[in-house]
Amino acid sequence: MADLLSSLHWALALLQTVLFAAGAPLLTAWVRRVKARLQNRRGPSLLQPYQDLRKLFAKQVMVADSASRVFRAAPYIVFGSTLLAAAVVPLVAVHLPAAAIADVIVMAGFLALGRFFLALAGMDVGTAFGGMGSSREMMVSGLAEPAMLMSVFTVAMSAHSTNLSSVVDHLLSGGLVLRPSLMFALMALLLVAVAETGRIPVDNPATHLELTMIHEAMLLEYSGRHLALMEWAAQLKLMLYGVLIANVFLPWGIARTLAPLPLLAGFVSVAAKLVLLGVALALAETVLAKMRLFRVPQFLNLAFLLALLGMLSHVILELGP
Amino acid sequence: MTLAYGAVLLSLASVLAALFADRYPTAARVAFTLLGLGGLAAVAAGGAALLGHEVERATLPLGLPWQPWQLRLDPLTGLFLAIIGAVVAAVAVYGPAYAREFRHGRSSFAVLGGFTGLFVAGMQLVVLADEAFTFMVAWELMSLSSYFLVAYQHEQAANRRAAFLYLLMAHIGGLSILLAFAVLAAHGGSFSFEAMRQVALTPNWATVAFALAFLGFGMKAGLVPLHAWLPEAHPAAPSHISALMSGVMLKVAVYGFVRFSFDLLGEPQWGWGVAVLAVGGASAMLGVLLALMQSDLKRLLAYSSVENVGIIFVALGLALLFLGSGATRLGALGLMAALYHAVNHALFKSLLFLGAGAVLHTSHERNLENLGGLLRRMPWTGLFFLLGCVSISSLPPFNGFVSEWLTFQTALQAWTLQSGVLRIMVPVGAATLALTGALGAACFVRAYGVGFLGQARSRQARHAREVSLGMRLAQGALAVACLVLGVLPTGMVELLNGIPQGLLGQGLTEATVHGWLWLTPIEARTASYSGPLVLVGLSAAWLLGAWVLRRGGVRRVQPCEPWDCGYARPDPRMQYTGAAFSQPLRRVFGMALSVAQVVDRRDGLRYRLQVGDRVWGLLYEPVGRMVKGAARRVARLQSGNIRIYLGWSLGTLLVLLWLIS
Amino acid sequence: MTTIAQLSLLQQAVFVLAALVLFASFSLLAQVRLTSAIHAFAWQGALVAAVTTLVAVGSGVHHLYLSAGMTFVLKALLIPWMLHRMVRRLRLGRHVEAITHPALVIMAGASLVVFSYWVALPIERLHFVATRNVVAVSLAVVLLGLLMMVARKQAVAQVLGFMSMENGLFLAAVAATRGMPLVVELGVAFDVLVAMVLFGVFFLQIRESIDSLDVDRLNRLSESEES
């Protein structure tokens, strides 16, 4: 443990977190751009989300007079907890102190903390939109959490650890092994990621119609820097899930030592994987239609079933006599 | 041991003081002060026992001539004594202001104060008892005094019914516990726990004793399907008593179960662990689903207690499973996780009940659908209730998260088990735990969002005011304790380490081997958690964000009207109600509950929703019908004819003479 | 413990495909639309054929290539085509069947998988190490097919359940004993084909008698009670 705590490790961990925060809007921009191309449009520039955030930070904040302190504190809490969750996921290198402070269950806990306050903020103003968004969000997240934790457990049962560094180490040290359990866990996590980040087919990130909003409904009253923080947190969450899928299930290329060349290779490989995942997400969003709300439990049951099959395959097929 | 004596005696002294409270008002304050001092003494005694290395024993010349009372203070007893003491101290600070409303009413404060003291003394004696007789006497004292407390506001029929149901089930449970002790005593020859420890039972008899103890203690703790008394009795009692009952009495039942299975019975079988795991999981699921559907705030908290007791028993089931399969270290970890959750639940459930009591005290309204906007009117109570909600939803950096994390870590070690079927069942059980955790968070978002946020839905909620200093202090102390237990889990684990060491012979020294900053229950490579660094990280992220953003340029926040789609300003009735919030989950999980919706269009539009517990119809009503039928048949004996009665006497005399001859 | 990392890549691929066959069984259980269910069945057949091919490559038993080809043509192409034709003739294309409590059916399916694993645990003596696991999966597929026949009311869905049972048996044979003698396999394949034809004829008859393909309504044919 002590070998993880030198100042170089801390500095790299901090740098990785900053990179996460800085890169998140870029991933969202890339997905939007690919979607636009698939729809025969040119699409906004890749720097558009940065310009949006800058504009929002400069704008005045309007707060409803029926809101309480929770409404004003929530954007900071949501952004802070999402950033901390992102700090736990290995982006460029493993063996950083964040893995010792928090494992993947703690990461899920941070995301839950953010979601709790987001839902409370939705209910704070006392209008019907916010309550509706919070209610739907708690249903979706309530059903997504067991699926996500089940797929995490499948991976943890293989690697005998919930520490993300150990998991990545274990998967890299075995060479190329085709594990049905990890395949199912990956499929489950893909479905859960779509649900938790509020993308089509679960929720439309670009809608403001009450029939279709989940995440946007909770943000409806926010403006100025509060809205900027909330939007940034949502982009960060998308990148978090992308990096989790890319670096835990397909970990080749990640830096296991802290020398410059492996770090550069880690950076390039994660960027490439995120580009591919962005294209896949954009394709899925274009091809699929948004489901009605009460089909989402079936979608999440499918995710849970896949995760359960992953666990069953692990015990039945992967462990010998 | 003297501190423990002091704790019990101070509780009894508070009973005496309370008896004079009707005549002399200051006696009520004295009673609460004595109760609080007794609580602090209990905390001190418990802490000393946890940290010390020796087990203290004592014999009191009370009880039967050939069976004097024997008391014992070991680390397990110490922990539960500390839990009782801490919550009692908080309630004692809270009580004077809260009980003021009873002094001007029809009910006598002497009854309330007197039975509160007896209740606390009973609970303390239960955990101190070292032989079955003392245990049962103290158990009865605890049950009976809490019956009178539940029936305190007996003017309402619902409270009387709740109290009767509670008394009935407490006695059935007590009978089952007595039978369990009887099995051990019959094989060991004596009532003392020391003799029971030495008994070597055959596996079948051990299973019988375990089943009886599980039934009895589980019923008192509120496990499904014997939980029906909990959501009736806890809301019926005054709020500070509900805090004591939910926070402490359920833990005393957990203590009884732990003492019986881990200490007195000796070698657990893995099958018991599976049964306990299944029942705990079912309780957690049913408890949280029903909690989501309640609109009465105290009933919601009562069902949430059912859920949390289920979680404690899931961890205990895992511990029994691992112990039965020979993995003692993992069994110790499971026991540690269960005890940690017991402490956590005592703290945050009492906090939530005291908060609900504060809301009830100032607005006289318990129904969530009539509350709203309370945070702006009661900022301190609102803040502490929020911290309680965050803790009970198992969110970092608070204490609920640590115990849940430890339970997950225990469950994930299932790969060490030999049986493949168990290797599947344990992670599936852990996934169910994850589901209940997520639903629990949904339940408390609903409770806090509908009750404290938004706009006030009724006149009473609009006129709510902040409560007095005593009530605020009690809630604040409990909230701070929740945060401390979440941020310093290593300290708590070290404190609790004496318990598995004493009971199982194996402590969890590797959990804190890397220093106070890192909690590593199995080893650092497997999983580690650093509470203080998480708190530092979260605070840094928030403060940095706030400082960076408020520094430059636009700082002023402009108030405006909420978004109204261009129509009129939203009315408080347009907000989401509690029933509306839980409607999606009601639709998804509807088959586990009995949901009845009525839309009445005759005269305007009326909507009525009733969500009930299926267990009532599946178990309680058939049993009730059977008992009534049997009673009716037996009642035919009472024919009223004197000659038939004399005939019975003649028959009995003949049988006895024949037996003697 | 011989874990998966110690087996050859070919064997790992067999495991992955066997797990996908199990997934196809579950999706057969839960699919409400008949056309999607038939597609799931076709995929299951294709996956079983792929497993057979891989085992043929790994073990060198050449008649397995023939079995693989036959399974693919029969189970992945011919029978689904016949089922699609039947569905079109009976105008069931848009028929959506409501499964009561799909979550309970899936939970029952998962318990069946665990149960078949437990049943297969004592199997020790097999030629090839670690095929016990694939035998457990095949048993699960058979049981899930039977569960499908119990849980679904639509007659075509019942046929699919029956066919997937046969898939499971074939998978078990391939994994445990390197396939059955070719004569036996040919016989079974023709039996399945004949069964398909007969089903088609029967369905038309049932439709005409009771005007629906809901097998629960077959009890109207009983003469003892008035419906």
# chains A, B, ... in the order shown; residues from 1 in each chain; ligands from 1
call {"tool": "interface_residues", "arguments": {"of": "chain A", "to": "chain C", "cutoff": "7 Å", "atoms": "only C-alpha atoms", "output": "PyMOL selection string"}}
result
chain A and resi 174+177-180+313+316-321
call {"tool": "select_by_dssp", "arguments": {"residues": "region 63-227 of chain C", "states": "alpha helix (DSSP H)", "output": "MDAnalysis selection string"}}
result
chainID C and resid 63:71 79:89 102:120 131:151 155:177 182:210
call {"tool": "atom_distance", "arguments": {"atom1": "CA of Val306 (chain B)", "atom2": "CA of Leu368 (chain B)"}}
result
19.8 Å
call {"tool": "interface_residues", "arguments": {"of": "chain A", "to": "chain B", "cutoff": "7 Å", "atoms": "only C-alpha atoms", "output": "count of residues only"}}
result
55
call {"tool": "atom_distance", "arguments": {"atom1": "CA of Pro90 (chain A)", "atom2": "CA of Ile245 (chain A)"}}
result
10.8 Å
